Amino acid sequence: MNITLKLLDCTRSKHNLTLLYQYDEITFTTTLWYSTVDFHQLESDYSQEYMEKIYFHILLFHGLKILSLKPTHLDLGKYGKYWTNNLQKLWEVSVEQCLGQWRYETGNLDYQGAEIIHQDVTTMKREAVTLVPGSTPLLLCNGGGKDSLLMARLLDDNSVPFDSFSINLHTHANPEELFELHEQHLYKLQNPPPKIHRQYIIESFLNSPAAKLHGVEGVEVSEIRNYEDLPLAYGIFGILPIILQEKYTQLCYGNEKSADSEQVKVDNQVINHAWCKSTECEIFYEEYIQQEFISNLTIFSLLKPMSDPLVYRLLSQKVREEDLKLVYSCNTNPPWCKSCPKCAYVYLSYMAYVTPEQANEVQHLLGKENLFDRPDLQLYYRQLMGLEAHNAFECVGEIEETKLALEKCVERGFTGEAINCYSKKARLDRSEYQKLWIQYHQLDLSYQRLPPKLMEILLEECQKLENK
């Protein structure tokens with residue numbers, strides 16, 4: 001049976017965009033509110049046609065999540081004139097990679113996306129603009145976690161000015177409380193960012209009973225966690241209005257090196273929960289945006305040259321007193337749900353690498369509970385240490401990074417069921433441990449995407465760490 005997902009419209013007011021979709025007879029909306037963007041002014045500065053092309057990309061890539069209802073066709077509607085061969089390549093890769101976890105977990109590995117209809121063969125072409133950098137050329141994406149804290153401290157300690165951008169990924173949470181969690185560490189910096197941008201998402205699709213109530217056979221509408229990484233696909237276009245308004249030429253994420261590693265491979269399909277944080281993804285989207293929208297926008301990840309052991313050890317040296325109380329890493333129920341793989345992994349890494357005083361600070365936040373003993377985390381710990389079919393589907397380290405952290409916890413005298421499991425079933429021998437320790441403490445100099453000044457900062461900070 002043919003079922004069409006149609007891109008109906010993207011309307012705008014001065015500060016918001018409303019995205020409208022029709023799946024069969026069901027209508028979905030997504031509304032984006034911007035705390036600092038004036039769309040009227042942007043259309044005056046760059047033309048209505050140029051901005052409409054951006055609106056279309058935001059509409060299209062927000063529609064990725066609705067593909068979990070398995071439409072057979074995607075109708076571009078009035079936006080067919082913006083479809084190009086370059087966009088088709090980007091879209092096909094994004095569908096394959098961004099929906100990989102959903103396809104794996106719901107038994108839909110054979111679903112390859114929807115056939116595009118109503119694309120205009122006489123597509124419109126408009127040259128990308130070249131921005132003259134504003135007073136602060138660097139926009140830092142701030143998710144409110146330890147990576148965001150470390151990036152902010154590295155930049156602030158080295159007198160690199162930046163502005164901040166946050167998005168409320170958890171559309172079920174109170175957005176104001178979530179943004180306060182995101183931003184509270186920024187105000188402790190010596191030089192807080194002059195501008196802090198927010199994007200609010202009001203979402204009608206995620207966690208909806210659409211599939212259940214409308215009889216879509218064999219389809220499960222994904223939980224939010226399956227789409228945790230999609231903002232780096234749709235979000236990159238959603239950030240463009242802010243970049244255009246403020247004339248940023250550098251967009252910086254805090255994506256970890258382990259994002260380049262998959263969770264599982266099924267036949268010839270690689271499933272990577274964090275593909276949208278990968279170097280491959282950065283390059284795809286940067287090249288496309290430079291060709292179509294902003295010729296001199298660079299996209300990179302400040303932490304990408306560092307493996308997690310290095311990130312956490314550097315974090316322990318850079319944070320100030322009580323900094324760790326101001327950040328969170330849980331993607332289920334911030335700040336800590338204590339029941340998800342992310343909480344399990346971050347807790348493990350904190351215990352392994354931060355100072356005893358900092359570890360006590362974290363444990364105080366958790367009510368002194370030993371997460372190594374929590375029954376609902378044991379499956380995730382087994383996944384993290386390579387004892388199950390795949391690594392945990394979350395933004396977590398590689399299996400070897402988990403084992404290094406567990407070994408450090410054994411050395412530090414931590415106990416618990418997860419520690420016992422590691423000791424009995426997955427423990428590294430000493431020579432392998434020493435080899436991995438050296439390997440994971442080397443900066444990955446093959447990552448050549450950082451501006452030279454930022455790479456110099458990483459080199460200097462890691463050298464200081466070696467000398468301690």
# chains A, B, ... in the order shown; residues from 1 in each chain; ligands from 1
$ residues_around --residues "Asp157 in chain A" --least-positions-apart "3" --cutoff "9 Å" --atoms "only C-alpha atoms" --output "PyMOL selection string"
chain A and resi 152-154+160+189-190+318
$ write_last_selection --atoms "N, CA and C atoms" --output "mmCIF file, in the first residue's frame"
data_model
loop_
_atom_site.group_PDB
_atom_site.id
_atom_site.type_symbol
_atom_site.label_atom_id
_atom_site.label_comp_id
_atom_site.auth_asym_id
_atom_site.auth_seq_id
_atom_site.Cartn_x
_atom_site.Cartn_y
_atom_site.Cartn_z
ATOM 1 N N ALA A 152 33.846 25.035 27.300
ATOM 2 C CA ALA A 152 33.745 26.414 27.777
ATOM 3 C C ALA A 152 34.957 26.792 28.617
ATOM 4 N N ARG A 153 35.417 25.873 29.454
ATOM 5 C CA ARG A 153 36.588 26.153 30.295
ATOM 6 C C ARG A 153 37.860 26.273 29.437
ATOM 7 N N LEU A 154 38.008 25.398 28.458
ATOM 8 C CA LEU A 154 39.187 25.477 27.589
ATOM 9 C C LEU A 154 39.243 26.816 26.856
ATOM 10 N N VAL A 160 39.622 32.777 24.435
ATOM 11 C CA VAL A 160 38.982 32.675 23.123
ATOM 12 C C VAL A 160 37.507 33.031 23.292
ATOM 13 N N LEU A 189 32.027 31.448 34.224
ATOM 14 C CA LEU A 189 33.250 31.710 33.478
ATOM 15 C C LEU A 189 33.766 33.113 33.773
ATOM 16 N N GLN A 190 35.047 33.285 33.578
ATOM 17 C CA GLN A 190 35.616 34.620 33.746
ATOM 18 C C GLN A 190 35.033 35.589 32.717
ATOM 19 N N LYS A 318 40.428 20.943 34.698
ATOM 20 C CA LYS A 318 39.939 22.251 34.265
ATOM 21 C C LYS A 318 38.767 22.777 35.087
#
$ select_by_dssp --residues "range 28-57 of chain A" --states "strand (DSSP E or B)" --output "count of residues only"
7
$ residues_around --residues "range 425-431 of chain A" --least-positions-apart "2" --cutoff "8 Å" --atoms "only C-alpha atoms" --output "PyMOL selection string"
chain A and resi 385-387+403+407+421-423+433-435
$ write_last_selection --atoms "N, CA and C atoms" --output "CSV table (one decimal), in the first residue's frame"
chain,number,residue,atom,x,y,z
A,385,MET,N,30.7,-3.2,28.3
A,385,MET,CA,32.0,-3.9,28.3
A,385,MET,C,32.1,-5.0,27.3
A,386,GLY,N,31.1,-5.1,26.4
A,386,GLY,CA,31.2,-6.0,25.3
A,386,GLY,C,30.7,-7.4,25.5
A,387,LEU,N,29.8,-7.6,26.5
A,387,LEU,CA,29.4,-8.9,26.8
A,387,LEU,C,28.0,-9.2,26.2
A,403,LYS,N,36.3,-0.5,29.3
A,403,LYS,CA,37.1,-1.4,30.1
A,403,LYS,C,38.3,-0.7,30.8
A,407,GLU,N,38.8,-0.7,34.8
A,407,GLU,CA,40.1,-1.1,35.4
A,407,GLU,C,40.5,0.0,36.4
A,421,CYS,N,31.3,-8.1,37.7
A,421,CYS,CA,31.1,-8.6,36.4
A,421,CYS,C,32.3,-8.4,35.5
A,422,TYR,N,32.8,-7.2,35.5
A,422,TYR,CA,34.0,-6.9,34.7
A,422,TYR,C,35.2,-7.8,35.2
A,423,SER,N,35.4,-7.9,36.5
A,423,SER,CA,36.5,-8.6,37.0
A,423,SER,C,36.5,-10.1,36.6
A,433,TYR,N,46.0,-3.6,29.0
A,433,TYR,CA,45.6,-2.4,29.7
A,433,TYR,C,46.7,-1.3,29.4
A,434,GLN,N,47.9,-1.6,29.6
A,434,GLN,CA,49.0,-0.6,29.4
A,434,GLN,C,49.0,-0.1,27.9
A,435,LYS,N,48.8,-1.0,27.0
A,435,LYS,CA,48.8,-0.7,25.6
A,435,LYS,C,47.7,0.3,25.3
$ select_by_dssp --residues "range 309-381 of chain A" --states "helix (DSSP H, G or I)" --output "MDAnalysis selection string"
chainID A and resid 309:318 323:326 341:353 356:365 371:373 375:381
$ residues_around --residues "Lys14 in chain A" --least-positions-apart "5" --cutoff "8 Å" --atoms "only C-alpha atoms" --output "PyMOL selection string"
chain A and resi 37-40
$ write_last_selection --atoms "N, CA and C atoms" --output "PDB file, in the first residue's frame"
ATOM      1  N   VAL A  37      16.330  35.540  17.018  1.00  0.00           N
ATOM      2  CA  VAL A  37      16.284  35.689  15.561  1.00  0.00           C
ATOM      3  C   VAL A  37      15.107  36.561  15.131  1.00  0.00           C
ATOM      4  N   ASP A  38      15.350  37.436  14.163  1.00  0.00           N
ATOM      5  CA  ASP A  38      14.323  38.249  13.540  1.00  0.00           C
ATOM      6  C   ASP A  38      14.227  37.827  12.067  1.00  0.00           C
ATOM      7  N   PHE A  39      13.236  36.992  11.744  1.00  0.00           N
ATOM      8  CA  PHE A  39      13.129  36.489  10.381  1.00  0.00           C
ATOM      9  C   PHE A  39      12.767  37.583   9.381  1.00  0.00           C
ATOM     10  N   HIS A  40      12.021  38.590   9.822  1.00  0.00           N
ATOM     11  CA  HIS A  40      11.715  39.708   8.928  1.00  0.00           C
ATOM     12  C   HIS A  40      13.008  40.390   8.477  1.00  0.00           C
TER      13      HIS A  40
END
$ atom_distance --atom1 "CA of Asn168 in chain A" --atom2 "CA of Ile202 in chain A"
9.2 Å
$ residues_around --residues "Trp275 in chain A" --least-positions-apart "3" --cutoff "12 Å" --atoms "only C-alpha atoms" --output "PyMOL selection string"
chain A and resi 93-101+227-233+255-263+270-272+278-284+393-395
$ residues_around --residues "range 177-181 of chain A" --least-positions-apart "5" --cutoff "10 Å" --atoms "only C-alpha atoms" --output "JSON, numbers by chain"
{"A": [142, 143, 144, 145, 166, 167, 168, 169, 170, 171, 198, 199, 200, 325, 326, 327, 328, 334, 335]}
$ write_last_selection --atoms "C-alpha atoms" --output "PDB file, in the first residue's frame"
ATOM      1  CA  ASN A 142      26.012  23.884  24.336  1.00  0.00           C
ATOM      2  CA  GLY A 143      24.194  20.735  25.425  1.00  0.00           C
ATOM      3  CA  GLY A 144      24.686  21.327  29.140  1.00  0.00           C
ATOM      4  CA  GLY A 145      26.881  18.282  29.778  1.00  0.00           C
ATOM      5  CA  SER A 166      21.236  25.621  23.075  1.00  0.00           C
ATOM      6  CA  ILE A 167      18.258  23.607  21.897  1.00  0.00           C
ATOM      7  CA  ASN A 168      15.655  21.836  24.038  1.00  0.00           C
ATOM      8  CA  LEU A 169      16.129  18.308  22.712  1.00  0.00           C
ATOM      9  CA  HIS A 170      13.916  16.812  25.419  1.00  0.00           C
ATOM     10  CA  THR A 171      10.593  18.031  24.116  1.00  0.00           C
ATOM     11  CA  ARG A 198      18.000  29.430  22.455  1.00  0.00           C
ATOM     12  CA  GLN A 199      15.873  27.368  20.110  1.00  0.00           C
ATOM     13  CA  TYR A 200      12.624  26.017  21.558  1.00  0.00           C
ATOM     14  CA  LYS A 325      27.002  20.135  39.966  1.00  0.00           C
ATOM     15  CA  LEU A 326      26.121  22.502  37.138  1.00  0.00           C
ATOM     16  CA  VAL A 327      26.105  20.011  34.257  1.00  0.00           C
ATOM     17  CA  TYR A 328      24.283  16.826  33.327  1.00  0.00           C
ATOM     18  CA  PRO A 334      17.861  15.295  33.237  1.00  0.00           C
ATOM     19  CA  PRO A 335      19.887  15.831  35.273  1.00  0.00           C
TER      20      PRO A 335
END
